[in-house]
>>> print(open('protein-v1.cif').read())   # mmCIF, C-alpha atoms and all ligand atoms
data_work
#
loop_
_atom_site.label_atom_id
_atom_site.label_comp_id
_atom_site.auth_asym_id
_atom_site.auth_seq_id
_atom_site.Cartn_x
_atom_site.Cartn_y
_atom_site.Cartn_z
CA MET F 1 -65.63 21.19 24.61
CA LYS F 2 -64.70 17.66 25.66
CA GLU F 3 -64.23 17.03 29.37
CA LYS F 4 -60.73 15.87 30.22
CA ILE F 5 -60.33 12.83 32.45
CA LEU F 6 -57.00 11.70 33.91
CA ILE F 7 -56.90 7.92 34.43
CA VAL F 8 -54.23 6.66 36.84
CA ASP F 9 -53.41 2.99 37.45
CA ASP F 10 -50.13 1.04 37.47
CA VAL F 11 -51.85 -1.96 35.78
CA LYS F 12 -52.00 -1.24 32.05
CA GLU F 13 -55.15 -3.38 31.43
CA ASN F 14 -57.12 -1.35 34.00
CA VAL F 15 -56.11 1.89 32.29
CA ASP F 16 -57.04 0.41 28.89
CA ILE F 17 -60.56 -0.56 29.96
CA LEU F 18 -61.32 2.87 31.42
CA ASN F 19 -59.65 4.62 28.51
CA GLN F 20 -61.78 2.76 25.98
CA TYR F 21 -64.99 3.31 27.91
CA PHE F 22 -64.57 7.03 28.56
CA THR F 23 -63.23 7.74 25.06
CA ALA F 24 -66.36 6.11 23.65
CA LYS F 25 -68.44 8.32 25.98
CA GLY F 26 -66.90 11.43 24.42
CA PHE F 27 -64.26 12.25 27.04
CA GLN F 28 -60.75 13.36 26.24
CA THR F 29 -58.49 10.98 28.20
CA VAL F 30 -55.05 11.47 29.68
CA LEU F 31 -53.28 8.35 30.96
CA ALA F 32 -50.77 7.84 33.78
CA TYR F 33 -49.21 4.55 34.92
CA GLY F 34 -47.89 5.61 38.30
CA GLY F 35 -48.15 8.26 41.02
CA ARG F 36 -45.32 10.46 39.88
CA GLN F 37 -46.57 10.46 36.30
CA ALA F 38 -50.04 11.28 37.60
CA VAL F 39 -48.81 14.42 39.36
CA ASP F 40 -46.83 15.50 36.27
CA LYS F 41 -49.73 14.93 33.89
CA ALA F 42 -52.23 16.60 36.22
CA GLU F 43 -49.96 19.63 36.32
CA ARG F 44 -49.41 19.72 32.56
CA GLU F 45 -52.86 18.75 31.30
CA ARG F 46 -55.12 20.27 34.01
CA PRO F 47 -57.84 17.58 33.78
CA ASP F 48 -61.45 18.22 34.84
CA VAL F 49 -61.59 15.03 36.90
CA ILE F 50 -59.08 12.40 38.09
CA LEU F 51 -59.62 8.63 38.51
CA LEU F 52 -56.90 7.55 40.90
CA ASP F 53 -55.74 4.06 41.88
CA ILE F 54 -54.35 3.81 45.42
CA MET F 55 -51.80 0.98 45.42
CA MET F 56 -49.02 1.89 43.04
CA PRO F 57 -45.30 1.08 43.34
CA ASP F 58 -43.72 4.52 43.11
CA ILE F 59 -45.95 6.90 45.07
CA ASP F 60 -49.37 5.71 46.12
CA GLY F 61 -52.72 7.36 45.46
CA PHE F 62 -52.98 8.73 49.01
CA ARG F 63 -49.76 10.65 48.53
CA VAL F 64 -50.87 11.85 45.07
CA CYS F 65 -54.07 13.11 46.69
CA GLU F 66 -52.10 14.86 49.38
CA ILE F 67 -49.74 16.52 46.88
CA LEU F 68 -52.56 17.73 44.64
CA LYS F 69 -55.07 18.76 47.27
CA LYS F 70 -52.96 19.94 50.18
CA GLU F 71 -49.77 21.20 48.61
CA ARG F 72 -50.92 22.65 45.30
CA THR F 73 -53.95 24.79 45.90
CA HIS F 74 -54.80 25.15 42.19
CA PHE F 75 -56.15 21.57 42.29
CA LYS F 76 -58.62 22.39 45.05
CA ASN F 77 -61.60 22.35 42.69
CA ILE F 78 -60.53 19.37 40.56
CA PRO F 79 -62.38 16.29 41.82
CA ILE F 80 -60.46 13.11 42.54
CA ILE F 81 -62.27 9.75 42.58
CA LEU F 82 -60.24 7.00 44.22
CA VAL F 83 -60.65 3.69 42.40
CA THR F 84 -59.18 0.82 44.35
CA ALA F 85 -59.34 -2.73 45.62
CA LYS F 86 -58.94 -1.49 49.20
CA GLU F 87 -62.29 -1.99 50.88
CA ASP F 88 -61.49 -1.21 54.50
CA ILE F 89 -63.15 1.77 56.11
CA GLU F 90 -59.80 3.30 57.22
CA SER F 91 -58.60 3.60 53.63
CA LYS F 92 -61.84 5.25 52.58
CA VAL F 93 -61.69 7.70 55.47
CA LYS F 94 -58.00 8.41 54.80
CA GLY F 95 -58.59 9.04 51.09
CA LEU F 96 -61.51 11.36 51.69
CA SER F 97 -59.76 13.25 54.46
CA LEU F 98 -56.75 13.80 52.18
CA GLY F 99 -59.10 15.68 49.88
CA ALA F 100 -60.53 13.06 47.46
CA GLU F 101 -64.15 13.77 46.58
CA ASP F 102 -65.31 10.17 46.10
CA TYR F 103 -64.34 6.54 46.40
CA VAL F 104 -65.16 3.47 44.28
CA THR F 105 -64.01 -0.07 45.14
CA LYS F 106 -62.93 -2.65 42.57
CA PRO F 107 -64.56 -4.58 41.06
CA PHE F 108 -66.89 -1.75 40.15
CA ASP F 109 -69.78 -1.41 37.79
CA ILE F 110 -68.52 0.91 35.06
CA LYS F 111 -71.92 2.58 34.74
CA GLU F 112 -71.78 3.48 38.42
CA LEU F 113 -68.27 4.87 37.92
CA GLU F 114 -69.52 6.94 34.98
CA ALA F 115 -72.38 8.30 37.10
CA ARG F 116 -69.90 9.25 39.82
CA VAL F 117 -67.63 10.94 37.28
CA ASN F 118 -70.59 12.98 36.04
CA SER F 119 -71.60 13.93 39.55
CA ALA F 120 -67.99 14.98 40.31
CA LEU F 121 -68.02 17.11 37.15
CA ARG F 122 -71.22 18.82 38.29
CA LEU F 123 -69.52 19.61 41.57
CA LYS F 124 -66.52 21.04 39.74
CA LYS F 125 -68.74 23.19 37.56
CA ALA F 126 -70.54 24.60 40.58
CA LEU F 127 -67.22 25.33 42.34
CA ASP F 128 -65.82 27.00 39.21
CA GLU F 129 -68.90 29.18 38.96
CA LEU F 130 -68.61 30.14 42.62
CA LYS F 131 -64.96 31.02 42.15
CA GLU F 132 -65.80 33.18 39.17
CA LEU F 133 -68.60 34.95 41.02
CA ASN F 134 -66.34 35.56 43.98
CA GLU F 135 -63.71 37.08 41.70
CA LEU F 136 -66.37 39.28 40.15
CA LYS F 137 -67.54 40.36 43.59
CA ASN F 138 -63.98 41.24 44.58
CA GLN F 139 -63.46 43.21 41.38
CA PHE F 140 -66.68 45.11 41.95
CA LEU F 141 -65.95 45.74 45.61
CA GLY F 142 -62.42 46.87 44.78
CA MET F 143 -63.56 49.25 42.06
CA ALA F 144 -66.50 50.67 43.98
CA SER F 145 -64.46 51.19 47.16
CA HIS F 146 -61.68 52.79 45.23
CA ASP F 147 -64.04 55.18 43.45
CA ILE F 148 -65.81 56.16 46.66
CA LYS F 149 -62.58 56.74 48.57
CA SER F 150 -61.44 59.87 46.73
CA PRO F 151 -64.68 61.90 46.93
CA VAL F 152 -65.02 60.98 50.60
CA SER F 153 -61.53 62.19 51.40
CA ARG F 154 -62.30 65.39 49.45
CA ILE F 155 -65.37 65.91 51.66
CA GLU F 156 -63.19 65.39 54.73
CA ARG F 157 -60.60 67.90 53.55
CA THR F 158 -63.25 70.49 52.65
CA VAL F 159 -64.89 70.11 56.05
CA GLU F 160 -61.52 70.48 57.76
CA ALA F 161 -60.94 73.69 55.80
CA ILE F 162 -64.30 75.05 57.00
CA LEU F 163 -63.50 74.05 60.58
CA LYS F 164 -60.25 76.05 60.44
CA ASN F 165 -62.47 79.12 60.33
CA LYS F 166 -64.44 78.22 63.45
CA ALA F 167 -64.95 81.85 64.51
CA SER F 168 -67.21 82.57 61.56
CA LEU F 169 -69.56 79.70 62.44
CA ALA F 170 -72.59 79.78 64.70
CA PRO F 171 -72.41 77.11 67.45
CA GLU F 172 -75.16 75.10 65.79
CA GLN F 173 -73.35 75.14 62.43
CA LEU F 174 -70.14 74.09 64.12
CA GLU F 175 -71.87 71.04 65.62
CA GLN F 176 -73.42 70.12 62.27
CA ILE F 177 -70.12 70.39 60.45
CA LYS F 178 -68.37 68.30 63.08
CA LYS F 179 -71.06 65.69 62.54
CA ILE F 180 -70.40 65.72 58.78
CA LYS F 181 -66.71 65.23 59.48
CA GLU F 182 -67.41 62.27 61.78
CA GLU F 183 -69.70 60.62 59.25
CA ALA F 184 -67.21 61.16 56.42
CA GLN F 185 -64.49 59.57 58.57
CA GLY F 186 -66.78 56.62 59.26
CA VAL F 187 -67.35 56.06 55.52
CA PHE F 188 -63.63 56.46 54.85
CA ASN F 189 -62.80 53.80 57.47
CA LEU F 190 -65.40 51.43 56.06
CA ILE F 191 -64.02 51.85 52.54
CA SER F 192 -60.46 51.29 53.76
CA ASP F 193 -61.59 48.09 55.51
CA LEU F 194 -63.35 46.85 52.36
CA LEU F 195 -60.27 47.56 50.24
CA ASN F 196 -58.20 45.59 52.74
CA VAL F 197 -60.61 42.65 52.57
CA VAL F 198 -60.37 42.62 48.77
CA LYS F 199 -56.56 42.77 48.93
CA ILE F 200 -56.48 39.86 51.36
CA GLU F 201 -58.96 37.77 49.36
CA THR F 202 -57.16 38.27 46.09
CA GLY F 203 -53.80 37.55 47.71
CA LYS F 204 -52.63 41.08 46.87
CA MET F 205 -51.89 42.23 50.37
CA GLY F 206 -48.14 42.28 49.94
CA LEU F 207 -45.96 43.23 52.87
CA GLU F 208 -43.31 45.89 52.54
CA LEU F 209 -40.90 44.55 55.11
CA GLU F 210 -38.41 46.63 57.01
CA LYS F 211 -36.83 46.64 60.47
CA VAL F 212 -39.48 48.00 62.77
CA ALA F 213 -39.18 49.30 66.33
CA LEU F 214 -42.50 48.33 67.84
CA ASP F 215 -42.26 50.83 70.70
CA LYS F 216 -42.29 53.66 68.16
CA LEU F 217 -45.43 52.24 66.55
CA VAL F 218 -47.08 51.90 69.95
CA GLU F 219 -46.31 55.54 70.71
CA GLU F 220 -47.71 56.60 67.36
CA VAL F 221 -50.95 54.71 67.79
CA PHE F 222 -51.21 56.08 71.33
CA ARG F 223 -50.91 59.65 70.02
CA MET F 224 -53.45 59.00 67.27
CA ASN F 225 -56.05 57.86 69.78
CA GLN F 226 -55.32 60.13 72.71
CA MET F 227 -58.19 62.51 71.95
CA ALA F 228 -60.73 59.72 71.59
CA ALA F 229 -59.59 58.25 74.91
CA GLU F 230 -59.64 61.63 76.66
CA SER F 231 -63.14 62.37 75.45
CA LYS F 232 -64.24 59.23 77.35
CA LYS F 233 -61.97 60.04 80.30
CA ILE F 234 -60.10 56.82 79.67
CA VAL F 235 -56.46 56.67 80.76
CA VAL F 236 -54.18 54.75 78.41
CA ASP F 237 -51.14 53.43 80.23
CA VAL F 238 -48.26 52.38 77.99
CA GLN F 239 -45.77 49.97 79.58
CA ILE F 240 -42.68 49.12 77.62
CA ASP F 241 -40.46 46.61 79.42
CA LYS F 242 -36.95 47.84 80.05
CA GLU F 243 -35.09 45.27 78.04
CA VAL F 244 -37.37 46.03 75.14
CA GLY F 245 -36.66 49.77 75.45
CA SER F 246 -35.00 51.38 72.44
CA ALA F 247 -31.38 50.23 72.95
CA THR F 248 -32.01 46.51 73.32
CA LEU F 249 -35.32 46.31 71.54
CA PRO F 250 -35.07 43.55 68.97
CA LYS F 251 -36.40 45.21 65.87
CA ILE F 252 -38.67 42.96 63.93
CA LEU F 253 -38.97 42.51 60.21
CA ALA F 254 -42.46 43.77 59.48
CA ASP F 255 -44.62 46.10 57.43
CA PRO F 256 -45.01 49.15 59.69
CA ALA F 257 -48.11 50.53 57.93
CA ARG F 258 -49.93 47.21 58.27
CA LEU F 259 -48.88 46.71 61.89
CA LEU F 260 -50.11 50.21 62.62
CA GLU F 261 -53.52 49.16 61.26
CA VAL F 262 -53.51 46.21 63.68
CA LEU F 263 -52.60 48.34 66.69
CA GLU F 264 -55.04 51.05 65.63
CA ASN F 265 -57.96 48.64 65.47
CA LEU F 266 -57.09 46.96 68.77
CA LEU F 267 -56.78 50.29 70.56
CA THR F 268 -59.91 51.82 69.01
CA ASN F 269 -61.79 48.65 69.98
CA ALA F 270 -60.49 48.89 73.54
CA ILE F 271 -61.66 52.52 73.72
CA LYS F 272 -64.94 51.77 71.97
CA PHE F 273 -65.97 48.90 74.26
CA THR F 274 -64.84 50.49 77.53
CA PRO F 275 -67.09 52.72 79.65
CA LEU F 276 -66.13 56.26 80.70
CA GLY F 277 -63.40 56.67 83.27
CA LYS F 278 -61.78 53.22 83.01
CA LYS F 279 -58.23 52.28 82.13
CA ILE F 280 -56.50 50.66 79.16
CA THR F 281 -53.03 49.16 79.45
CA ILE F 282 -50.75 48.55 76.50
CA HIS F 283 -47.87 46.27 77.39
CA LEU F 284 -44.93 45.56 75.15
CA LYS F 285 -42.47 42.90 76.21
CA LYS F 286 -39.78 40.62 74.90
CA VAL F 287 -40.71 36.96 74.93
CA LYS F 288 -39.05 33.81 73.65
CA GLY F 289 -38.62 34.11 69.88
CA GLY F 290 -40.13 37.53 69.50
CA ILE F 291 -42.16 40.35 70.96
CA SER F 292 -45.52 40.23 72.64
CA LEU F 293 -47.85 43.17 72.69
CA SER F 294 -51.00 43.13 74.75
CA ILE F 295 -53.84 45.61 74.96
CA HIS F 296 -55.93 45.19 78.07
CA ASP F 297 -59.15 47.06 78.73
CA GLU F 298 -61.56 47.23 81.65
CA GLY F 299 -64.48 47.23 79.26
CA VAL F 300 -67.68 45.32 78.73
CA GLY F 301 -65.95 42.00 77.94
CA ILE F 302 -66.95 39.32 75.44
CA PRO F 303 -69.02 36.21 76.30
CA GLN F 304 -66.93 33.00 76.16
CA ASN F 305 -69.21 31.37 73.59
CA GLU F 306 -68.63 34.26 71.17
CA LEU F 307 -64.83 34.16 71.39
CA PRO F 308 -64.35 31.45 68.73
CA ARG F 309 -66.03 33.77 66.19
CA ILE F 310 -64.22 36.93 67.17
CA PHE F 311 -61.85 36.96 64.17
CA ASP F 312 -64.60 36.18 61.63
CA ARG F 313 -65.78 38.86 59.23
CA PHE F 314 -68.98 40.65 60.28
CA ALA F 315 -69.12 38.36 63.32
CA ARG F 316 -72.01 40.35 64.89
CA LEU F 317 -71.11 39.81 68.51
CA SER F 318 -73.05 41.08 71.48
CA PRO F 319 -70.62 43.69 72.93
CA GLN F 320 -71.80 47.15 71.90
CA PRO F 321 -69.84 50.41 71.91
CA THR F 322 -70.38 52.32 75.15
CA TYR F 323 -70.55 55.81 73.66
CA GLY F 324 -72.44 55.45 70.39
CA GLU F 325 -69.28 54.73 68.37
CA LYS F 326 -69.59 52.96 65.04
CA GLY F 327 -68.02 49.91 63.44
CA THR F 328 -68.45 47.50 60.58
CA GLY F 329 -67.14 44.29 62.12
CA LEU F 330 -64.21 43.91 59.76
CA GLY F 331 -61.39 45.22 61.92
CA LEU F 332 -60.40 42.06 63.81
CA SER F 333 -60.60 39.80 60.76
CA ILE F 334 -58.15 42.14 59.01
CA CYS F 335 -55.91 42.21 62.12
CA LYS F 336 -55.77 38.41 62.15
CA GLN F 337 -54.87 38.22 58.47
CA ILE F 338 -52.13 40.82 58.83
CA VAL F 339 -50.67 39.07 61.89
CA ASP F 340 -50.83 35.73 60.02
CA LEU F 341 -48.97 37.27 57.07
CA HIS F 342 -46.25 38.23 59.55
CA LYS F 343 -46.20 34.62 60.83
CA GLY F 344 -47.32 35.89 64.20
CA LYS F 345 -50.23 35.01 66.49
CA ILE F 346 -53.16 36.92 67.87
CA ASP F 347 -55.13 35.73 70.89
CA VAL F 348 -57.91 37.04 73.06
CA GLN F 349 -58.96 36.53 76.65
CA SER F 350 -62.05 38.10 78.05
CA GLU F 351 -64.46 38.15 80.94
CA VAL F 352 -67.88 39.78 80.71
CA GLY F 353 -68.06 42.88 82.89
CA ARG F 354 -64.33 42.79 83.69
CA GLY F 355 -62.52 43.41 80.44
CA THR F 356 -60.65 42.04 77.48
CA THR F 357 -57.02 41.44 76.56
CA PHE F 358 -55.80 41.01 73.01
CA THR F 359 -52.25 39.68 72.69
CA VAL F 360 -50.22 39.84 69.52
CA PHE F 361 -47.02 37.82 69.19
CA LEU F 362 -44.59 38.77 66.43
CA PRO F 363 -41.49 36.70 65.74
CA SER F 364 -38.16 38.54 65.78
N1 LIG X 1 -61.96 45.15 73.33
C1 LIG X 1 -63.17 44.64 73.09
N2 LIG X 1 -64.08 44.52 74.10
C2 LIG X 1 -65.30 43.99 73.86
N3 LIG X 1 -65.74 43.56 72.66
C3 LIG X 1 -64.90 43.66 71.62
C4 LIG X 1 -63.57 44.21 71.78
N4 LIG X 1 -62.97 44.16 70.59
C5 LIG X 1 -63.86 43.64 69.72
N5 LIG X 1 -65.03 43.34 70.35
C6 LIG X 1 -66.23 42.72 69.73
O1 LIG X 1 -65.82 42.13 68.51
C7 LIG X 1 -66.53 42.72 67.41
C8 LIG X 1 -65.64 42.74 66.19
O2 LIG X 1 -64.60 43.69 66.32
P1 LIG X 1 -64.02 44.39 65.01
O3 LIG X 1 -62.88 45.24 65.39
O4 LIG X 1 -63.79 43.32 64.01
O5 LIG X 1 -65.26 45.22 64.48
P2 LIG X 1 -65.81 46.64 64.88
O6 LIG X 1 -64.85 47.33 65.82
O7 LIG X 1 -67.21 46.46 65.33
O8 LIG X 1 -65.80 47.38 63.48
P3 LIG X 1 -64.53 47.90 62.64
O9 LIG X 1 -63.28 47.53 63.39
O10 LIG X 1 -64.63 47.18 61.34
O11 LIG X 1 -64.73 49.36 62.53
C9 LIG X 1 -66.96 44.08 67.92
O12 LIG X 1 -68.08 44.57 67.21
C10 LIG X 1 -67.28 43.76 69.38
O13 LIG X 1 -68.57 43.19 69.49
MG MG X 2 -62.79 47.46 65.37
#
>>> encode(input="protein-v1.cif", output="structure tokens", more="lines below")
Ligand SMILES: Nc1ncnc2c1ncn2[C@@H]1O[C@H](COP(=O)(O)OP(=O)(O)OP(=O)(O)O)[C@@H](O)[C@H]1O
Ligand SMILES: [Mg+2]
Amino acid sequence: MKEKILIVDDVKENVDILNQYFTAKGFQTVLAYGGRQAVDKAERERPDVILLDIMMPDIDGFRVCEILKKERTHFKNIPIILVTAKEDIESKVKGLSLGAEDYVTKPFDIKELEARVNSALRLKKALDELKELNELKNQFLGMASHDIKSPVSRIERTVEAILKNKASLAPEQLEQIKKIKEEAQGVFNLISDLLNVVKIETGKMGLELEKVALDKLVEEVFRMNQMAAESKKIVVDVQIDKEVGSATLPKILADPARLLEVLENLLTNAIKFTPLGKKITIHLKKVKGGISLSIHDEGVGIPQNELPRIFDRFARLSPQPTYGEKGTGLGLSICKQIVDLHKGKIDVQSEVGRGTTFTVFLPS
């Protein structure tokens, strides 16, 4: 199949020269004589590479670059080569920082331009292949996680049924079965995290928005984790500021199930990375433009130099659970994505040996 090249220049003779040359080299050419036309044709024809003049009367090449690369993400992998008489360094830097892949100044040697076009096409091919592989990986991960989820939840339910009949079990058997239950829960959590990652990556994590009372969610997540906290003799103190209390609480438009996942991970982390007998404080308060929720622990803390990576996937940070708990390192990256989808903010402050505070802001 012929490669498609979009040639953009407001001077017709310049377009003609390039058109003739690249047609003779076996390219399919698409021509545009101004910025606006360039954007339209790029959208309609989806070229493989774009040769873009900068100085044009309607909209200039910088703006075209900005529109295609920053505002329309489907052009991310389509290389743009700026072809222009502007020789100053600032223009080159500006063009490249707006997303152009390469820069050629007029007068240029057409063989050099051809070589640059070919190199840009190689880049595009590599990016397309990567995109395809990533999609394949997501499909595989999604399918595998989905198929593993049901048998694991069946194991969990079966084990729970056995545990209902505790009296018939010898103490040793009881311990073993509890262990199976714990492990099954661990696998279930991992699979749920992986499914979330796939949903986020493929843009399929839709939000089902409704008016949510955050204090109710906080109470729910508190109840869900009470046993885990008690088993480490950790006291969880929930403070809900008066004016946020049920009557005047500004409900926020949010997806309650997703927000619950955020709170659940933050609280399980706080419990996981806090030694026996310490305290965790959850604080919900009204702030300008929304609600702020903080979870403070007196745990092991996170070194300052690791904080910038804290919301990365599988960040492998140094803090370790204090009681042999498990984790996969996906929780916080999912929290950040969910908070971002809600147009909120998540921050962290920490001091090694003293504790950590995660703060989530959600707009009301
Ligand atoms: N409250 C905290 N105190 C100290 N370290 C923390 C705290 N929360 C997170 N961390 C550090 O950040 C890492 C990433 O947290 P994250 O929630 O993403 O993963 P995880 O809890 O290890 O696994 P997962 O949540 O996927 O089960 C943790 O492994 C830990 O090193
Ligand atoms: Mg976690």
>>> closest_atom_pairs(input="protein-v1.cif", of="chain F", to="ligand LIG 1 (chain X)", cutoff="8 Å", atoms="all atoms listed in the file", output="JSON lines")
{"residue": "F:Asn189", "atom": "CA", "partner": "X:LIG1", "partner_atom": "O11", "distance": 7.0}
{"residue": "F:Leu190", "atom": "CA", "partner": "X:LIG1", "partner_atom": "O10", "distance": 6.8}
{"residue": "F:Asp193", "atom": "CA", "partner": "X:LIG1", "partner_atom": "O10", "distance": 6.6}
{"residue": "F:Asn265", "atom": "CA", "partner": "X:LIG1", "partner_atom": "O9", "distance": 5.8}
{"residue": "F:Leu266", "atom": "CA", "partner": "X:LIG1", "partner_atom": "N4", "distance": 6.8}
{"residue": "F:Leu267", "atom": "CA", "partner": "X:LIG1", "partner_atom": "N1", "distance": 7.8}
{"residue": "F:Thr268", "atom": "CA", "partner": "X:LIG1", "partner_atom": "O6", "distance": 7.4}
{"residue": "F:Asn269", "atom": "CA", "partner": "X:LIG1", "partner_atom": "N4", "distance": 4.7}
{"residue": "F:Ala270", "atom": "CA", "partner": "X:LIG1", "partner_atom": "N1", "distance": 4.0}
{"residue": "F:Ile271", "atom": "CA", "partner": "X:LIG1", "partner_atom": "N1", "distance": 7.4}
{"residue": "F:Lys272", "atom": "CA", "partner": "X:LIG1", "partner_atom": "N1", "distance": 7.4}
{"residue": "F:Phe273", "atom": "CA", "partner": "X:LIG1", "partner_atom": "N2", "distance": 4.8}
{"residue": "F:Thr274", "atom": "CA", "partner": "X:LIG1", "partner_atom": "N2", "distance": 6.9}
{"residue": "F:His296", "atom": "CA", "partner": "X:LIG1", "partner_atom": "N1", "distance": 7.7}
{"residue": "F:Asp297", "atom": "CA", "partner": "X:LIG1", "partner_atom": "N1", "distance": 6.4}
{"residue": "F:Gly299", "atom": "CA", "partner": "X:LIG1", "partner_atom": "N2", "distance": 5.8}
{"residue": "F:Val300", "atom": "CA", "partner": "X:LIG1", "partner_atom": "C2", "distance": 5.6}
{"residue": "F:Gly301", "atom": "CA", "partner": "X:LIG1", "partner_atom": "C2", "distance": 4.6}
{"residue": "F:Ile302", "atom": "CA", "partner": "X:LIG1", "partner_atom": "C2", "distance": 5.2}
{"residue": "F:Ile310", "atom": "CA", "partner": "X:LIG1", "partner_atom": "O1", "distance": 5.6}
{"residue": "F:Phe311", "atom": "CA", "partner": "X:LIG1", "partner_atom": "O4", "distance": 6.7}
{"residue": "F:Asp312", "atom": "CA", "partner": "X:LIG1", "partner_atom": "O4", "distance": 7.6}
{"residue": "F:Arg313", "atom": "CA", "partner": "X:LIG1", "partner_atom": "O4", "distance": 6.8}
{"residue": "F:Phe314", "atom": "CA", "partner": "X:LIG1", "partner_atom": "O4", "distance": 6.9}
{"residue": "F:Ala315", "atom": "CA", "partner": "X:LIG1", "partner_atom": "C8", "distance": 6.3}
{"residue": "F:Arg316", "atom": "CA", "partner": "X:LIG1", "partner_atom": "O12", "distance": 6.2}
{"residue": "F:Leu317", "atom": "CA", "partner": "X:LIG1", "partner_atom": "O13", "distance": 4.3}
{"residue": "F:Ser318", "atom": "CA", "partner": "X:LIG1", "partner_atom": "O13", "distance": 5.3}
{"residue": "F:Pro319", "atom": "CA", "partner": "X:LIG1", "partner_atom": "O13", "distance": 4.0}
{"residue": "F:Gln320", "atom": "CA", "partner": "X:LIG1", "partner_atom": "O13", "distance": 5.7}
{"residue": "F:Pro321", "atom": "CA", "partner": "X:LIG1", "partner_atom": "C10", "distance": 7.6}
{"residue": "F:Lys326", "atom": "CA", "partner": "X:LIG1", "partner_atom": "O11", "distance": 6.5}
{"residue": "F:Gly327", "atom": "CA", "partner": "X:LIG1", "partner_atom": "O8", "distance": 3.4}
{"residue": "F:Thr328", "atom": "CA", "partner": "X:LIG1", "partner_atom": "O10", "distance": 3.9}
{"residue": "F:Gly329", "atom": "CA", "partner": "X:LIG1", "partner_atom": "O5", "distance": 3.2}
{"residue": "F:Leu330", "atom": "CA", "partner": "X:LIG1", "partner_atom": "O10", "distance": 3.7}
{"residue": "F:Gly331", "atom": "CA", "partner": "X:LIG1", "partner_atom": "O9", "distance": 3.3}
{"residue": "F:Leu332", "atom": "CA", "partner": "X:LIG1", "partner_atom": "O4", "distance": 3.6}
{"residue": "F:Ser333", "atom": "CA", "partner": "X:LIG1", "partner_atom": "O4", "distance": 5.8}
{"residue": "F:Ile334", "atom": "CA", "partner": "X:LIG1", "partner_atom": "O4", "distance": 7.6}
{"residue": "F:Ser350", "atom": "CA", "partner": "X:LIG1", "partner_atom": "N2", "distance": 7.8}
{"residue": "F:Gly355", "atom": "CA", "partner": "X:LIG1", "partner_atom": "N2", "distance": 6.6}
{"residue": "F:Thr356", "atom": "CA", "partner": "X:LIG1", "partner_atom": "N1", "distance": 5.3}
{"residue": "F:Thr357", "atom": "CA", "partner": "X:LIG1", "partner_atom": "N1", "distance": 7.0}
{"residue": "F:Phe358", "atom": "CA", "partner": "X:LIG1", "partner_atom": "N1", "distance": 7.4}
>>> write_last_selection(input="protein-v1.cif", atoms="C-alpha atoms", output="short mmCIF file (atom, residue, chain, number, x, y, z; two decimals), keeping the file's coordinate frame")
data_model
loop_
_atom_site.label_atom_id
_atom_site.label_comp_id
_atom_site.auth_asym_id
_atom_site.auth_seq_id
_atom_site.Cartn_x
_atom_site.Cartn_y
_atom_site.Cartn_z
CA ASN F 189 -62.80 53.80 57.47
CA LEU F 190 -65.40 51.43 56.06
CA ASP F 193 -61.59 48.09 55.51
CA ASN F 265 -57.96 48.64 65.47
CA LEU F 266 -57.09 46.96 68.77
CA LEU F 267 -56.78 50.29 70.56
CA THR F 268 -59.91 51.82 69.01
CA ASN F 269 -61.79 48.65 69.98
CA ALA F 270 -60.49 48.89 73.54
CA ILE F 271 -61.66 52.52 73.72
CA LYS F 272 -64.94 51.77 71.97
CA PHE F 273 -65.97 48.90 74.26
CA THR F 274 -64.84 50.49 77.53
CA HIS F 296 -55.93 45.19 78.07
CA ASP F 297 -59.15 47.06 78.73
CA GLY F 299 -64.48 47.23 79.26
CA VAL F 300 -67.68 45.32 78.73
CA GLY F 301 -65.95 42.00 77.94
CA ILE F 302 -66.95 39.32 75.44
CA ILE F 310 -64.22 36.93 67.17
CA PHE F 311 -61.85 36.96 64.17
CA ASP F 312 -64.60 36.18 61.63
CA ARG F 313 -65.78 38.86 59.23
CA PHE F 314 -68.98 40.65 60.28
CA ALA F 315 -69.12 38.36 63.32
CA ARG F 316 -72.01 40.35 64.89
CA LEU F 317 -71.11 39.81 68.51
CA SER F 318 -73.05 41.08 71.48
CA PRO F 319 -70.62 43.69 72.93
CA GLN F 320 -71.80 47.15 71.90
CA PRO F 321 -69.84 50.41 71.91
CA LYS F 326 -69.59 52.96 65.04
CA GLY F 327 -68.02 49.91 63.44
CA THR F 328 -68.45 47.50 60.58
CA GLY F 329 -67.14 44.29 62.12
CA LEU F 330 -64.21 43.91 59.76
CA GLY F 331 -61.39 45.22 61.92
CA LEU F 332 -60.40 42.06 63.81
CA SER F 333 -60.60 39.80 60.76
CA ILE F 334 -58.15 42.14 59.01
CA SER F 350 -62.05 38.10 78.05
CA GLY F 355 -62.52 43.41 80.44
CA THR F 356 -60.65 42.04 77.48
CA THR F 357 -57.02 41.44 76.56
CA PHE F 358 -55.80 41.01 73.01
#
>>> closest_residue(input="protein-v1.cif", among="F:Ile338, F:Ala38, F:Val30, F:Leu362", to="Gly203 (chain F)", atoms="all atoms listed in the file")
F:Ile338
>>> residues_around(input="protein-v1.cif", residues="Leu141 (chain F)", least_positions_apart="4", cutoff="10 Å", atoms="all atoms listed in the file", output="list in words")
Glu135, Leu136, Lys137, Ser145, His146, Asp147, Ile191, Leu194, Leu195, Val197 and Val198 of chain F
>>> write_last_selection(input="protein-v1.cif", atoms="C-alpha atoms", output="short mmCIF file (atom, residue, chain, number, x, y, z; two decimals), keeping the file's coordinate frame")
data_model
loop_
_atom_site.label_atom_id
_atom_site.label_comp_id
_atom_site.auth_asym_id
_atom_site.auth_seq_id
_atom_site.Cartn_x
_atom_site.Cartn_y
_atom_site.Cartn_z
CA GLU F 135 -63.71 37.08 41.70
CA LEU F 136 -66.37 39.28 40.15
CA LYS F 137 -67.54 40.36 43.59
CA SER F 145 -64.46 51.19 47.16
CA HIS F 146 -61.68 52.79 45.23
CA ASP F 147 -64.04 55.18 43.45
CA ILE F 191 -64.02 51.85 52.54
CA LEU F 194 -63.35 46.85 52.36
CA LEU F 195 -60.27 47.56 50.24
CA VAL F 197 -60.61 42.65 52.57
CA VAL F 198 -60.37 42.62 48.77
#
